[in-house]
Amino acid sequence: MIGIGVIGAGYWGPKHVRNFSELPGARATMVADLDERRIRAIQSQHPGIRTTSNYQDLLNSQDVDAVVIATPDHWHHRMTLDAFDAGKHVYVEKPMTWSIEQGREVVAATAKSGKLLMVGSGAKTSPLTAKAREIITELTSR
Ligand SMILES: NC(=O)c1ccc[n+]([C@@H]2O[C@H](COP(=O)([O-])OP(=O)(O)OC[C@H]3O[C@@H](n4cnc5c(N)ncnc54)[C@H](O)[C@@H]3O)[C@@H](O)[C@H]2O)c1
């Protein structure tokens with residue numbers, strides 16, 4: 001079972017908690033957010049899920065194998081590097097970073113870490129888009 005830790009429980013974070021928990025072999029184990037209201041909301045939707053206001057606690061957690069970063073854009077670079085330092089795989093929301101320099105740093109850190117990095121772009125990875133691709137491939141191969 002792959003344990004997923006979600007940092008940021010605003011608009012996208014709770015969707016990731018639900019979607020990853022529905023995947024076979026994966027389970028959201030912990031959520032971090034600075035805002036107590038967001039923490040209370042996620043606890044009411046997912047009773048028993050562990051929560052913290054300090055994302056470092058989540059990164060130090062043994063039952064978190066991979067981290068979803070769904071915080072505002074300016075946090076993506078720092079949190080991605082911290083997650084690699086903690087030995088976690090990373091799914092970070094788009095945009096990956098705020099600048100080209102930060103982007104280069106993240107690419108180098110990914111290679112050095114030996115971990116997986118996925119940059120989330122809902123429109124490109126949704127089941128609906130996958131189905132559209134399948135239909136177009138089928139139609140154009142006739
Ligand atoms: N996947 C997509 O297609 C897609 C679409 C739109 C936006 N996004 C990106 O998703 C990310 C999240 O967007 P959102 O709309 O959910 O934002 P949001 O503002 O609704 O939620 C962000 C959450 O992060 C929390 N947070 C901020 N700093 C924190 C910290 N240091 N530690 C812990 N929690 C912290 C906030 O309290 C908030 O609850 C953004 O980077 C946005 O650009 C992705």
# chains A, B, ... in the order shown; residues from 1 in each chain; ligands from 1
>>> select_by_dssp(residues="range 3-139 of chain A", states="strand (DSSP E or B)", output="ChimeraX atom specification")
/A:3-7,26-32,50-52,66-69,89-93,117-120
>>> residues_around(residues="Lys94 in chain A", least_positions_apart="3", cutoff="7 Å", atoms="only C-alpha atoms", output="number ranges by chain")
A: 119-121
>>> closest_residue(among="A:Ile39, A:Val17, A:Ile135, A:Val92", to="Ile69 in chain A", atoms="only C-alpha atoms")
A:Val92
>>> residues_near_ligand(ligand="ligand 1", cutoff="8 Å", atoms="only C-alpha atoms and all ligand atoms", output="PyMOL selection string")
chain A and resi 7-13+32-35+38+53-55+69-76+93-95+120-124
>>> atom_distance(atom1="CA of Lys15 in chain A", atom2="CA of Ile2 in chain A")
17.3 Å
>>> select_by_dssp(residues="chain A", states="helix (DSSP H, G or I)", output="PyMOL selection string")
chain A and resi 12-22+36-45+55-59+73-85+100-113+122-125+127-140
>>> closest_residue(among="A:Asn19, A:Ser61, A:Thr52, A:Gln43", to="Gly3 in chain A", atoms="only C-alpha atoms")
A:Ser61
>>> residues_around(residues="Met30 in chain A", least_positions_apart="2", cutoff="8 Å", atoms="only C-alpha atoms", output="PyMOL selection string")
chain A and resi 4-6+28+32+49-52+58+64
>>> write_last_selection(atoms="N, CA, C and O atoms", output="short mmCIF file (atom, residue, chain, number, x, y, z; two decimals), in the first residue's frame")
data_model
loop_
_atom_site.label_atom_id
_atom_site.label_comp_id
_atom_site.auth_asym_id
_atom_site.auth_seq_id
_atom_site.Cartn_x
_atom_site.Cartn_y
_atom_site.Cartn_z
N ILE A 4 0.05 8.17 0.82
CA ILE A 4 0.15 9.50 0.20
C ILE A 4 -0.07 10.57 1.27
O ILE A 4 -1.06 10.53 2.01
N GLY A 5 0.83 11.54 1.32
CA GLY A 5 0.66 12.70 2.20
C GLY A 5 0.32 13.90 1.34
O GLY A 5 0.99 14.15 0.34
N VAL A 6 -0.72 14.63 1.70
CA VAL A 6 -1.16 15.77 0.90
C VAL A 6 -0.87 17.06 1.67
O VAL A 6 -1.35 17.24 2.80
N ALA A 28 -4.51 7.79 1.14
CA ALA A 28 -4.05 9.05 1.74
C ALA A 28 -3.95 8.85 3.25
O ALA A 28 -4.92 8.46 3.90
N ALA A 32 -1.50 18.02 5.56
CA ALA A 32 -0.94 19.19 6.26
C ALA A 32 -1.56 20.46 5.70
O ALA A 32 -1.69 20.61 4.48
N ILE A 49 -8.16 10.38 9.45
CA ILE A 49 -6.94 10.76 8.71
C ILE A 49 -6.07 11.63 9.64
O ILE A 49 -6.59 12.43 10.41
N ARG A 50 -4.77 11.41 9.58
CA ARG A 50 -3.88 12.20 10.44
C ARG A 50 -3.65 13.57 9.82
O ARG A 50 -3.56 13.69 8.60
N THR A 51 -3.57 14.60 10.66
CA THR A 51 -3.40 15.96 10.15
C THR A 51 -2.32 16.68 10.94
O THR A 51 -2.01 16.31 12.08
N THR A 52 -1.78 17.72 10.32
CA THR A 52 -0.77 18.55 10.99
C THR A 52 -0.79 19.94 10.36
O THR A 52 -1.19 20.11 9.22
N LEU A 58 4.69 15.86 8.29
CA LEU A 58 4.20 14.93 7.25
C LEU A 58 5.39 14.31 6.51
O LEU A 58 5.42 13.09 6.27
N VAL A 64 4.13 7.82 4.97
CA VAL A 64 4.00 8.67 3.78
C VAL A 64 5.14 8.29 2.82
O VAL A 64 6.31 8.51 3.11
#
>>> closest_residue(among="A:Asp82, A:Ala111, A:His16, A:Thr29", to="Pro47 in chain A", atoms="only C-alpha atoms")
A:Thr29
>>> atom_distance(atom1="CA of Arg104 in chain A", atom2="CA of Asp57 in chain A")
26.8 Å
>>> residues_around(residues="Ala109 in chain A", least_positions_apart="4", cutoff="9 Å", atoms="only C-alpha atoms", output="PyMOL selection string")
chain A and resi 80-81+84+104-105+113-114
